[in-house]
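Participant: Supplied structure: run-v1.txt, compact mmCIF, C-alpha atoms.
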```txt
# COMPACT_ATOMS: atom_id res chain seq x y z
CA MET A 1 57.23 53.77 19.30
CA GLY A 2 55.10 56.60 20.64
CA ARG A 3 53.72 56.68 24.14
CA ASP A 4 51.40 58.79 26.26
CA ILE A 5 53.44 61.24 28.36
CA GLY A 6 50.49 63.07 29.93
CA PRO A 7 49.35 62.83 33.59
CA ASP A 8 48.56 59.21 34.49
CA CYS A 9 45.88 60.10 37.02
CA ARG A 10 43.78 61.81 34.34
CA LEU A 11 43.67 58.53 32.43
CA CYS A 12 42.31 56.68 35.47
CA ARG A 13 39.75 59.40 36.12
CA ARG A 14 38.62 59.30 32.48
CA GLU A 15 37.92 55.59 32.76
CA GLY A 16 36.26 56.03 36.15
CA GLU A 17 38.36 53.40 37.92
CA LYS A 18 41.86 52.70 39.19
CA LEU A 19 44.17 51.43 36.46
CA PHE A 20 47.14 51.37 38.88
CA LEU A 21 49.34 53.45 36.59
CA LYS A 22 51.15 55.24 39.44
CA GLY A 23 52.28 52.20 41.40
CA ALA A 24 52.18 52.52 45.21
CA ARG A 25 50.41 55.91 45.06
CA CYS A 26 47.26 54.18 43.75
CA TYR A 27 46.89 52.36 47.09
CA THR A 28 47.01 55.56 49.19
CA HIS A 29 44.61 58.41 49.96
CA LYS A 30 46.47 60.48 47.34
CA CYS A 31 44.88 58.48 44.50
CA ALA A 32 43.09 60.93 42.18
CA VAL A 33 40.20 58.52 41.49
CA ALA A 34 39.47 58.21 45.21
CA ARG A 35 39.48 62.01 45.64
CA ARG A 36 37.61 62.96 42.45
CA GLU A 37 35.33 60.26 41.11
CA TYR A 38 34.52 62.00 37.84
CA ALA A 39 36.21 62.51 34.49
CA PRO A 40 38.77 65.34 34.10
CA GLY A 41 38.00 68.53 32.24
CA GLN A 42 35.33 71.24 32.30
CA HIS A 43 32.44 68.86 31.65
CA GLY A 44 33.81 65.84 33.47
CA ILE A 45 31.35 66.00 36.34
CA LYS A 46 28.39 65.68 33.96
CA LYS A 47 27.39 62.06 33.40
CA GLY A 48 25.54 60.99 30.28
CA LYS A 49 24.40 57.59 29.10
CA LEU A 50 26.88 55.94 26.73
CA SER A 51 25.81 54.32 23.46
CA ASN A 52 26.88 50.76 22.65
CA PHE A 53 29.73 52.20 20.59
CA GLY A 54 30.74 54.43 23.50
CA ILE A 55 30.84 51.46 25.89
CA GLN A 56 32.98 49.47 23.46
CA LEU A 57 35.31 52.42 22.88
CA ARG A 58 35.81 53.04 26.60
CA GLU A 59 36.70 49.38 27.17
CA LYS A 60 39.27 49.52 24.38
CA GLN A 61 40.76 52.74 25.74
CA LYS A 62 40.91 51.26 29.23
CA VAL A 63 42.89 48.20 28.10
CA LYS A 64 45.21 50.36 25.96
CA ARG A 65 45.97 52.55 28.96
CA ILE A 66 46.49 49.65 31.35
CA TYR A 67 49.18 48.17 29.13
CA GLY A 68 50.59 51.49 27.91
CA VAL A 69 50.27 50.94 24.18
CA MET A 70 49.20 53.33 21.45
CA GLU A 71 46.37 52.84 18.93
CA ARG A 72 48.34 51.46 15.98
CA GLN A 73 50.23 48.98 18.15
CA PHE A 74 47.02 47.90 19.88
CA ARG A 75 45.30 47.34 16.53
CA ASN A 76 48.27 45.24 15.39
CA TYR A 77 47.88 43.09 18.49
CA PHE A 78 44.20 42.65 17.66
CA LEU A 79 44.95 41.69 14.05
CA LYS A 80 47.51 39.16 15.27
CA ALA A 81 45.02 37.77 17.80
CA SER A 82 42.24 37.52 15.22
CA SER A 83 44.49 35.56 12.85
CA THR A 84 45.54 33.14 15.60
CA LYS A 85 43.63 29.97 16.41
CA GLY A 86 41.53 30.39 19.57
CA VAL A 87 39.26 32.98 21.18
CA THR A 88 40.29 36.38 19.79
CA GLY A 89 39.66 38.41 22.96
CA THR A 90 41.55 35.98 25.19
CA THR A 91 44.45 35.78 22.72
CA LEU A 92 44.62 39.59 22.64
CA LEU A 93 45.00 39.75 26.43
CA GLN A 94 47.58 36.95 26.34
CA LEU A 95 49.69 38.91 23.85
CA LEU A 96 49.55 42.01 26.06
CA GLU A 97 50.45 39.99 29.17
CA ARG A 98 53.43 38.44 27.37
CA ARG A 99 55.04 41.84 26.69
CA LEU A 100 58.36 42.08 28.51
CA ASP A 101 57.38 45.26 30.37
CA SER A 102 54.18 43.54 31.58
CA VAL A 103 56.23 40.54 32.70
CA ILE A 104 58.61 42.74 34.72
CA PHE A 105 55.62 44.50 36.29
CA ASN A 106 53.75 41.27 37.10
CA LEU A 107 56.86 39.81 38.73
CA GLY A 108 56.92 42.76 41.13
CA PHE A 109 60.27 44.04 39.84
CA ALA A 110 58.64 47.42 39.07
CA LYS A 111 56.00 49.49 40.86
CA SER A 112 54.15 50.30 37.62
CA ARG A 113 54.25 49.32 33.95
CA LYS A 114 55.82 52.67 33.14
CA ASP A 115 58.67 51.89 35.55
CA ALA A 116 58.93 48.40 34.04
CA ARG A 117 59.23 49.89 30.55
CA GLN A 118 62.09 52.09 31.75
CA ILE A 119 63.89 49.13 33.36
CA VAL A 120 63.69 47.25 30.05
CA SER A 121 64.67 50.18 27.82
CA HIS A 122 67.72 50.92 30.02
CA HIS A 123 69.19 47.48 29.24
CA HIS A 124 68.67 46.02 32.74
CA VAL A 125 66.88 42.85 31.58
CA THR A 126 68.06 39.64 29.94
CA VAL A 127 65.96 36.89 28.36
CA ASN A 128 67.71 33.51 28.16
CA GLY A 129 71.01 35.26 28.87
CA ARG A 130 70.65 37.82 26.08
CA ARG A 131 70.08 41.47 26.91
CA VAL A 132 66.72 42.77 25.62
CA ASN A 133 65.74 46.46 25.63
CA ILE A 134 62.45 46.24 23.70
CA ALA A 135 59.40 46.61 25.97
CA SER A 136 57.10 44.91 23.44
CA PHE A 137 59.27 41.77 23.25
CA LEU A 138 56.98 38.72 23.67
CA VAL A 139 58.18 36.03 26.06
CA LYS A 140 57.57 32.32 25.41
CA SER A 141 57.29 29.18 27.53
CA ASN A 142 60.57 28.20 29.24
CA ASP A 143 62.11 31.64 28.74
CA VAL A 144 64.23 32.82 31.68
CA VAL A 145 63.90 36.51 32.52
CA GLU A 146 66.55 38.04 34.77
CA ILE A 147 67.64 41.46 35.99
CA LYS A 148 71.31 41.98 35.11
CA THR A 149 72.58 45.37 36.16
CA ASP A 150 74.83 47.29 38.54
CA ALA A 151 74.49 46.93 42.31
CA LYS A 152 72.75 50.29 42.79
CA THR A 153 69.97 49.57 40.28
CA LEU A 154 69.66 45.98 41.53
CA ASN A 155 69.10 47.24 45.09
CA ALA A 156 66.43 49.64 43.82
CA ILE A 157 64.64 46.77 42.04
CA LYS A 158 64.87 44.61 45.19
CA ALA A 159 63.28 47.52 47.07
CA ASN A 160 60.46 47.45 44.50
CA ILE A 161 59.95 43.74 45.23
CA GLU A 162 59.55 44.57 48.92
CA ILE A 163 57.03 47.32 48.12
CA THR A 164 55.00 45.13 45.76
CA LYS A 165 55.21 41.88 47.76
CA GLU A 166 51.50 42.03 48.60
CA ARG A 167 50.68 41.88 44.89
CA LYS A 168 49.95 38.32 43.79
CA VAL A 169 52.39 36.99 41.19
CA PRO A 170 50.52 35.15 38.39
CA GLY A 171 50.84 31.39 38.27
CA TRP A 172 52.57 31.29 34.90
CA PHE A 173 55.84 32.38 36.52
CA GLU A 174 58.36 30.48 38.63
CA VAL A 175 60.01 33.29 40.58
CA ASP A 176 63.37 33.55 42.34
CA ALA A 177 62.85 36.98 43.92
CA ALA A 178 66.16 36.92 45.82
CA ASN A 179 68.07 36.82 42.52
CA CYS A 180 65.55 38.91 40.52
CA LYS A 181 65.00 35.99 38.20
CA ALA A 182 61.97 34.11 36.83
CA LYS A 183 61.08 31.33 34.43
CA ILE A 184 58.01 31.31 32.18
CA VAL A 185 56.49 27.91 33.01
CA ARG A 186 53.45 28.27 30.71
CA MET A 187 51.56 30.80 28.64
CA PRO A 188 49.17 33.14 30.50
CA MET A 189 45.50 32.16 30.71
CA ARG A 190 42.42 34.40 30.93
CA GLU A 191 42.19 33.98 34.70
CA ASP A 192 45.76 35.29 35.08
CA VAL A 193 44.66 38.78 33.99
CA ALA A 194 44.25 40.75 37.20
CA TYR A 195 42.08 43.52 35.74
CA SER A 196 38.33 43.60 35.29
CA VAL A 197 38.01 43.91 31.51
CA ASN A 198 35.45 42.73 28.98
CA GLU A 199 37.55 41.83 25.97
CA GLN A 200 34.47 40.84 23.95
CA LEU A 201 33.52 44.52 23.73
CA ILE A 202 36.87 45.22 22.05
CA VAL A 203 36.30 42.40 19.57
CA GLU A 204 32.86 43.82 18.77
CA LEU A 205 34.33 47.32 18.31
CA TYR A 206 36.95 46.20 15.79
CA SER A 207 34.43 43.96 14.03
CA ARG A 208 32.17 46.88 13.10
```
I need this file expressed as structure tokens, please.

Facilitator:
Amino acid sequence: MGRDIGPDCRLCRREGEKLFLKGARCYTHKCAVARREYAPGQHGIKKGKLSNFGIQLREKQKVKRIYGVMERQFRNYFLKASSTKGVTGTTLLQLLERRLDSVIFNLGFAKSRKDARQIVSHHHVTVNGRRVNIASFLVKSNDVVEIKTDAKTLNAIKANIEITKERKVPGWFEVDAANCKAKIVRMPMREDVAYSVNEQLIVELYSR
């Protein structure tokens, strides 16, 4: 699966807000959005009024970048959400939150979703005792997610937990931070999404 390997800070600047793609750096004075509050590029400092389509497109791009997925994969999530019973926009966000890399990030085991993706892809994570290295793996209720790795990597992940301890862990987890382990006690709800997004704009965009 493809992924964006360009500078993360440019993505935040393009959306005009912090997407917290760089982990701890986003909370310091080094954050690019705090230093340059305009889009990157030659014409970034010029601000024009967006059309309705432009507003919808920017919202979609923002959510894609937050969760680190590419266009085809994001569209597939939307198609799955639209064919599922319930509110399409909410179901879309639930699917993205249930991704294994998002789970590792939300638990505080990684400083950013990019780091979480690397932890998963390097075979450091088990789900219900089975090793899983697919970042897009969707967890379910009662699944047990655990870090199973060598002592050096485990200490690094425990250091991440210490760094991210001020981040609130969503209520759909039952966490045992000392053992780098968690249980999915329920499916995520709309209020568990920590970002300010308007998912209805995405639904309207794909419904054109």

Participant: Looking at all atoms listed in the file, which of A:Ile202, A:Val103, A:Ile147, A:Ala156 is the one that sits closest to Lys62 (chain A)?

Facilitator: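 Ranking A:Ile202, A:Val103, A:Ile147, A:Ala156 by distance to Lys62 (chain A), first place goes to A:Ile202.
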
Participant: Which one of A:Thr91, A:Asn155, A:Thr149, A:Thr126 sits closest to Arg190 (chain A) if you count all atoms listed in the file?

Facilitator: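 Residue with the minimum atom-to-atom distance to Arg190 (chain A): A:Thr91.
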
Participant: Need the shell around Asn133 (chain A): protein/DNA/RNA residues with any atom at most 9 Å away, counting all atoms listed in the file. Skip same-chain ones fewer than 2 positions apart. Format as a list in words?

Facilitator: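 The neighbour list is Arg117, Ile119, Val120, Ser121, His122, His123, His124, Val125, Thr126, Arg131, Ala135 and Phe137 of chain A.
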
Participant: Please indicate the distance in Å from CA of Val132 (chain A) to CA of Arg75 (chain A), rounded to one decimal place.

Facilitator: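 Taking CA of Val132 (chain A) and CA of Arg75 (chain A), their separation equals 23.7 Å.
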
Participant: So how many Å separate CA of Ile184 (chain A) and CA of Lys152 (chain A), to one decimal?

Facilitator: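 Interatomic distance here is 26.3 Å.
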
Participant: Interatomic distance between CA of Gln94 (chain A) and CA of Ser196 (chain A)?

Facilitator: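 Taking CA of Gln94 (chain A) as the start and CA of Ser196 (chain A) as the end point, the length is 14.5 Å.
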
Participant: Rank nothing, just name the residue among A:Ser83, A:Ser136, A:Ser51, A:Gln56 nearest to Leu205 (chain A), using all atoms listed in the file.

Facilitator: A:Gln56

Participant: Using only C-alpha atoms, which of A:Glu97, A:Glu59, A:Asp192, A:Glu71 sits nearest Val139 (chain A)?

Facilitator: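 Selected residue with least distance to Val139 (chain A): A:Glu97.
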
Participant: If I only have part of region 138-153 of chain A, can you fill in N, CA and C atoms and write it as an mmCIF file, keeping the file's coordinate frame?

Facilitator:
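Just written: result.cif:
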```cif
data_model
loop_
_atom_site.group_PDB
_atom_site.id
_atom_site.type_symbol
_atom_site.label_atom_id
_atom_site.label_comp_id
_atom_site.auth_asym_id
_atom_site.auth_seq_id
_atom_site.Cartn_x
_atom_site.Cartn_y
_atom_site.Cartn_z
ATOM 1 N N LEU A 138 57.918 39.722 23.154
ATOM 2 C CA LEU A 138 56.980 38.720 23.670
ATOM 3 C C LEU A 138 57.725 37.502 24.191
ATOM 4 N N VAL A 139 57.529 37.204 25.472
ATOM 5 C CA VAL A 139 58.180 36.030 26.060
ATOM 6 C C VAL A 139 57.439 34.759 25.651
ATOM 7 N N LYS A 140 58.130 33.627 25.757
ATOM 8 C CA LYS A 140 57.570 32.320 25.410
ATOM 9 C C LYS A 140 57.762 31.363 26.584
ATOM 10 N N SER A 141 57.125 30.208 26.500
ATOM 11 C CA SER A 141 57.290 29.180 27.530
ATOM 12 C C SER A 141 58.762 28.799 27.640
ATOM 13 N N ASN A 142 59.195 28.612 28.897
ATOM 14 C CA ASN A 142 60.570 28.200 29.240
ATOM 15 C C ASN A 142 61.601 29.305 29.104
ATOM 16 N N ASP A 143 61.180 30.513 28.728
ATOM 17 C CA ASP A 143 62.110 31.640 28.740
ATOM 18 C C ASP A 143 62.501 31.965 30.181
ATOM 19 N N VAL A 144 63.742 32.398 30.362
ATOM 20 C CA VAL A 144 64.230 32.820 31.680
ATOM 21 C C VAL A 144 64.489 34.320 31.630
ATOM 22 N N VAL A 145 63.774 35.052 32.464
ATOM 23 C CA VAL A 145 63.900 36.510 32.520
ATOM 24 C C VAL A 145 64.673 36.878 33.787
ATOM 25 N N GLU A 146 65.693 37.714 33.629
ATOM 26 C CA GLU A 146 66.550 38.040 34.770
ATOM 27 C C GLU A 146 66.983 39.497 34.712
ATOM 28 N N ILE A 147 67.104 40.105 35.889
ATOM 29 C CA ILE A 147 67.640 41.460 35.990
ATOM 30 C C ILE A 147 69.158 41.354 36.076
ATOM 31 N N LYS A 148 69.847 41.967 35.138
ATOM 32 C CA LYS A 148 71.310 41.980 35.110
ATOM 33 C C LYS A 148 71.769 43.421 35.029
ATOM 34 N N THR A 149 72.224 43.966 36.149
ATOM 35 C CA THR A 149 72.580 45.370 36.160
ATOM 36 C C THR A 149 73.568 45.651 37.283
ATOM 37 N N ASP A 150 73.895 46.917 37.478
ATOM 38 C CA ASP A 150 74.830 47.290 38.540
ATOM 39 C C ASP A 150 74.165 47.169 39.903
ATOM 40 N N ALA A 151 74.974 47.175 40.945
ATOM 41 C CA ALA A 151 74.490 46.930 42.310
ATOM 42 C C ALA A 151 73.463 47.970 42.749
ATOM 43 N N LYS A 152 73.663 49.230 42.369
ATOM 44 C CA LYS A 152 72.750 50.290 42.790
ATOM 45 C C LYS A 152 71.348 50.077 42.221
ATOM 46 N N THR A 153 71.266 49.802 40.925
ATOM 47 C CA THR A 153 69.970 49.570 40.280
ATOM 48 C C THR A 153 69.341 48.278 40.795
#
```
